[in-house]
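Notes follow once the structure below has been shown.
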Amino acid sequence: MTRSALFPRIYLDRSDDDLIESVRAIKEKQGDRLTILGHHYQSDRIVELSDFTGDSFKLCRDAAGTSAHYIVFCGVRFMAESARVLARPEQIVQHPETSATCPMAEMADLEDVEKAWRILTQLQRGRRIVPVTYMNSNVDLKAFCGRNGGVVCTSSNAARVFDWAYSKGDTIFFFPDEHLGRNTANRRGMPRGRIQVWDPKRSPQSADPAVSATAGSDNVPDAKDYAEADLILWKGFCHVHTDFTVEHVAGIRREYPDALVIVHPECTEEVVAMADATGSTEGIVRRVMQAKAGETICIGTEINLVARLANRRPDLTVVPLAISACPNMSKITLGHLLWTLENLGKVNVIEVDREIARQAELALRRMLELG
């Protein structure tokens, strides 16, 4: 839950320089009482004003470690929710624009996941299913994993989380990003026949064959296919990364034959297979910053980050695989940030039900322990 307020339009009339000066003044006045977290996909101006920048995993750790009284999270909502879960009770977490949500996180809601869980536990009777949710999910799904012995993962530690989950059980139920799950499975060499996709609109409605009589038709897998699966992937995706295609990779290869092509593991498996490397957002940043002068690097991720890396390393040729932007990240503007800072503890305060927070923290702490 968020205590929201209507964004005053007067901030739209102020220049960027004026807004930046006012933000800096508040930061100086508040000192260590205030921490601003900025995701890599934010605009340059927001990133420049942030005390910590990173991907969702790094910022989750930064949020858990800060001693600031006020934590202002410039990212999408699930990130601010996770910060609230990990923060101490007396700390206040605020999200400058509550409409900045993650479409992929919305592709798996708790009701549908719980329904799938009931069916799968019946189908896989005698097997232990471990739920794993991607960081890019709403807090109630993180709580679902916490209370069912599961864990949260990020794109940077998905392989370690899979290892942990298989040490605890027989089957992973992974949501909401099909592609991160499949690419992680491919890295492990998992047989394709042991992987099934759960589409809440087209999957068996019951473990009872009489109820699921239509399974197997219209490309709906038969219930028995799920009974024998070792990995069940939710049918969800990030539009920023599924926008990249094999045609984009082929085109880049023609234009830059010597380029290193690195893509995010939320891309489709076909794009990942054609790339030279995959990496989390933070991993991509490290690879570019460690590159030798003169290298050409083509990156398949959000354009704000690609452009920023190109500016930070003018001695490299850094080009996007294609231009793909996250419009929700862009909803947080300098005006939203200043308004939040001028109303610390008053507007867009993130609140999470105490029991939901307790259960979600179990899954998040497991993630942090796995590194």
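Letters A, B, ... go to the chains of the structure tokens in the order shown; residues in each chain start at 1; ligands are counted from 1 in the same order.
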Give me every helix (DSSP H, G or I) residue in stretch 290-329 of chain A, going by DSSP on the backbone, as a list in words.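 Matching residues, listed in order: Ile303, Asn304, Leu305, Val306, Ala307, Arg308, Leu309, Ala310, Asn311, Arg312 and Met329 of chain A.
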Per residue of stretch 303-359 of chain A within 12 Å of stretch 142-157 of chain A, what are the shortest atom pair and its distance in Å to one decimal, counting only C-alpha atoms, with rows by chain and residue number, as a Markdown table?
```
| residue | atom | partner | partner_atom | distance |
| --- | --- | --- | --- | --- |
| A:Val352 | CA | A:Ala143 | CA | 10.9 |
| A:Asp353 | CA | A:Ala143 | CA | 10.6 |
| A:Arg354 | CA | A:Ala143 | CA | 10.8 |
| A:Glu355 | CA | A:Ala143 | CA | 8.6 |
| A:Ile356 | CA | A:Ala143 | CA | 5.6 |
| A:Ala357 | CA | A:Ala143 | CA | 6.9 |
| A:Arg358 | CA | A:Ala143 | CA | 7.5 |
| A:Gln359 | CA | A:Ala143 | CA | 4.5 |
```
From a DSSP calculation on the backbone, collect every residue of stretch 8-96 of chain A in strand (DSSP E or B) and output the set as a ChimeraX atom specification. /A:34-39,52-54,70-74,92-94
Which residue is closest to A:Arg127? Choose from A:Phe52, A:Trp198, A:Tyr166, A:Phe174 and count only C-alpha atoms.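 Between A:Phe52, A:Trp198, A:Tyr166, A:Phe174, the residue approaching A:Arg127 most closely is A:Tyr166.
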Please provide the set of residues having any atom within 8 Å of stretch 105-107 of chain A, restricted to only C-alpha atoms, with same-chain residues fewer than 2 positions apart removed, written as a PyMOL selection string. chain A and resi 78+101-103+109+136-138+176+236
List as a VMD selection string the protein and nucleic acid residues near A:Ile299, meaning an atom at most 7 Å away when only C-alpha atoms are counted, but skip any in the same chain fewer than 5 places from it. chain A and resid 261 to 263 306 319 to 321
Preceding selection exported with N, CA and C atoms as a PDB file, in the first residue's frame:
```pdb
ATOM      1  N   VAL A 261      28.842  -8.755 -28.481  1.00  0.00           N
ATOM      2  CA  VAL A 261      27.396  -8.575 -28.291  1.00  0.00           C
ATOM      3  C   VAL A 261      27.023  -9.168 -26.939  1.00  0.00           C
ATOM      4  N   ILE A 262      26.545  -8.319 -26.041  1.00  0.00           N
ATOM      5  CA  ILE A 262      26.138  -8.780 -24.719  1.00  0.00           C
ATOM      6  C   ILE A 262      24.700  -8.362 -24.475  1.00  0.00           C
ATOM      7  N   VAL A 263      23.883  -9.302 -23.998  1.00  0.00           N
ATOM      8  CA  VAL A 263      22.455  -9.035 -23.822  1.00  0.00           C
ATOM      9  C   VAL A 263      22.014  -9.459 -22.428  1.00  0.00           C
ATOM     10  N   VAL A 306      22.469   2.122 -21.851  1.00  0.00           N
ATOM     11  CA  VAL A 306      23.418   1.997 -22.954  1.00  0.00           C
ATOM     12  C   VAL A 306      24.022   3.357 -23.303  1.00  0.00           C
ATOM     13  N   VAL A 319      27.320   0.639 -28.614  1.00  0.00           N
ATOM     14  CA  VAL A 319      26.115   0.852 -29.415  1.00  0.00           C
ATOM     15  C   VAL A 319      24.986  -0.034 -28.899  1.00  0.00           C
ATOM     16  N   PRO A 320      23.738   0.412 -29.043  1.00  0.00           N
ATOM     17  CA  PRO A 320      22.607  -0.435 -28.638  1.00  0.00           C
ATOM     18  C   PRO A 320      22.296  -1.474 -29.706  1.00  0.00           C
ATOM     19  N   LEU A 321      21.869  -2.645 -29.269  1.00  0.00           N
ATOM     20  CA  LEU A 321      21.408  -3.662 -30.206  1.00  0.00           C
ATOM     21  C   LEU A 321      20.210  -3.132 -30.986  1.00  0.00           C
TER      22      LEU A 321
END
```
Who sits within 10 Å of A:Ile172, only C-alpha atoms, same chain under 2 positions skipped, as a PDB file with N, CA and C atoms, in the first residue's frame:
```pdb
ATOM      1  N   ARG A 128       8.819 -32.408  -4.093  1.00  0.00           N
ATOM      2  CA  ARG A 128       8.895 -31.129  -3.390  1.00  0.00           C
ATOM      3  C   ARG A 128       9.067 -30.016  -4.407  1.00  0.00           C
ATOM      4  N   ILE A 129       8.115 -29.092  -4.449  1.00  0.00           N
ATOM      5  CA  ILE A 129       8.181 -27.952  -5.363  1.00  0.00           C
ATOM      6  C   ILE A 129       8.689 -26.739  -4.597  1.00  0.00           C
ATOM      7  N   VAL A 130       9.678 -26.067  -5.151  1.00  0.00           N
ATOM      8  CA  VAL A 130      10.233 -24.865  -4.532  1.00  0.00           C
ATOM      9  C   VAL A 130       9.834 -23.656  -5.383  1.00  0.00           C
ATOM     10  N   PRO A 131       9.081 -22.707  -4.826  1.00  0.00           N
ATOM     11  CA  PRO A 131       8.713 -21.509  -5.599  1.00  0.00           C
ATOM     12  C   PRO A 131       9.855 -20.496  -5.604  1.00  0.00           C
ATOM     13  N   VAL A 132      10.131 -19.970  -6.770  1.00  0.00           N
ATOM     14  CA  VAL A 132      11.162 -18.946  -6.937  1.00  0.00           C
ATOM     15  C   VAL A 132      10.547 -17.790  -7.713  1.00  0.00           C
ATOM     16  N   THR A 133      10.562 -16.609  -7.132  1.00  0.00           N
ATOM     17  CA  THR A 133      10.062 -15.448  -7.856  1.00  0.00           C
ATOM     18  C   THR A 133      11.218 -14.532  -8.208  1.00  0.00           C
ATOM     19  N   GLY A 150      10.337 -20.826  -0.345  1.00  0.00           N
ATOM     20  CA  GLY A 150      10.999 -20.400  -1.570  1.00  0.00           C
ATOM     21  C   GLY A 150      11.896 -19.198  -1.378  1.00  0.00           C
ATOM     22  N   PHE A 162      18.939 -21.291  -8.462  1.00  0.00           N
ATOM     23  CA  PHE A 162      18.493 -22.583  -8.986  1.00  0.00           C
ATOM     24  C   PHE A 162      19.227 -23.718  -8.272  1.00  0.00           C
ATOM     25  N   ALA A 165      17.694 -24.042  -4.877  1.00  0.00           N
ATOM     26  CA  ALA A 165      16.335 -24.589  -4.920  1.00  0.00           C
ATOM     27  C   ALA A 165      16.349 -26.093  -5.177  1.00  0.00           C
ATOM     28  N   TYR A 166      17.221 -26.551  -6.078  1.00  0.00           N
ATOM     29  CA  TYR A 166      17.279 -27.984  -6.351  1.00  0.00           C
ATOM     30  C   TYR A 166      17.924 -28.760  -5.198  1.00  0.00           C
ATOM     31  N   LYS A 168      17.006 -28.141  -2.250  1.00  0.00           N
ATOM     32  CA  LYS A 168      15.893 -28.193  -1.298  1.00  0.00           C
ATOM     33  C   LYS A 168      14.720 -29.014  -1.805  1.00  0.00           C
ATOM     34  N   GLY A 169      14.623 -29.202  -3.112  1.00  0.00           N
ATOM     35  CA  GLY A 169      13.459 -29.894  -3.646  1.00  0.00           C
ATOM     36  C   GLY A 169      13.713 -30.486  -5.016  1.00  0.00           C
ATOM     37  N   ASP A 170      12.619 -30.929  -5.652  1.00  0.00           N
ATOM     38  CA  ASP A 170      12.708 -31.639  -6.928  1.00  0.00           C
ATOM     39  C   ASP A 170      12.353 -30.767  -8.128  1.00  0.00           C
ATOM     40  N   PHE A 174       8.859 -21.234 -11.267  1.00  0.00           N
ATOM     41  CA  PHE A 174       9.543 -19.946 -11.439  1.00  0.00           C
ATOM     42  C   PHE A 174       8.617 -18.919 -12.085  1.00  0.00           C
ATOM     43  N   PHE A 175       8.542 -17.748 -11.498  1.00  0.00           N
ATOM     44  CA  PHE A 175       7.695 -16.679 -12.044  1.00  0.00           C
ATOM     45  C   PHE A 175       8.285 -15.319 -11.706  1.00  0.00           C
ATOM     46  N   GLY A 181      14.062 -17.570 -16.653  1.00  0.00           N
ATOM     47  CA  GLY A 181      14.039 -18.952 -16.195  1.00  0.00           C
ATOM     48  C   GLY A 181      14.565 -19.911 -17.237  1.00  0.00           C
ATOM     49  N   ILE A 195      11.037 -29.227 -19.007  1.00  0.00           N
ATOM     50  CA  ILE A 195      10.609 -27.847 -18.739  1.00  0.00           C
ATOM     51  C   ILE A 195       9.229 -27.630 -19.341  1.00  0.00           C
ATOM     52  N   ALA A 229       7.485 -32.546 -14.938  1.00  0.00           N
ATOM     53  CA  ALA A 229       8.425 -31.454 -15.195  1.00  0.00           C
ATOM     54  C   ALA A 229       9.318 -31.182 -13.987  1.00  0.00           C
ATOM     55  N   ASP A 230      10.551 -30.783 -14.263  1.00  0.00           N
ATOM     56  CA  ASP A 230      11.484 -30.371 -13.211  1.00  0.00           C
ATOM     57  C   ASP A 230      11.520 -28.854 -13.056  1.00  0.00           C
ATOM     58  N   LEU A 231      11.052 -28.155 -14.075  1.00  0.00           N
ATOM     59  CA  LEU A 231      11.021 -26.694 -14.048  1.00  0.00           C
ATOM     60  C   LEU A 231       9.748 -26.228 -14.726  1.00  0.00           C
ATOM     61  N   ILE A 232       8.991 -25.411 -14.010  1.00  0.00           N
ATOM     62  CA  ILE A 232       7.750 -24.869 -14.557  1.00  0.00           C
ATOM     63  C   ILE A 232       7.885 -23.352 -14.575  1.00  0.00           C
ATOM     64  N   LEU A 233       7.809 -22.789 -15.780  1.00  0.00           N
ATOM     65  CA  LEU A 233       8.039 -21.366 -16.000  1.00  0.00           C
ATOM     66  C   LEU A 233       6.723 -20.634 -16.228  1.00  0.00           C
TER      67      LEU A 233
END
```
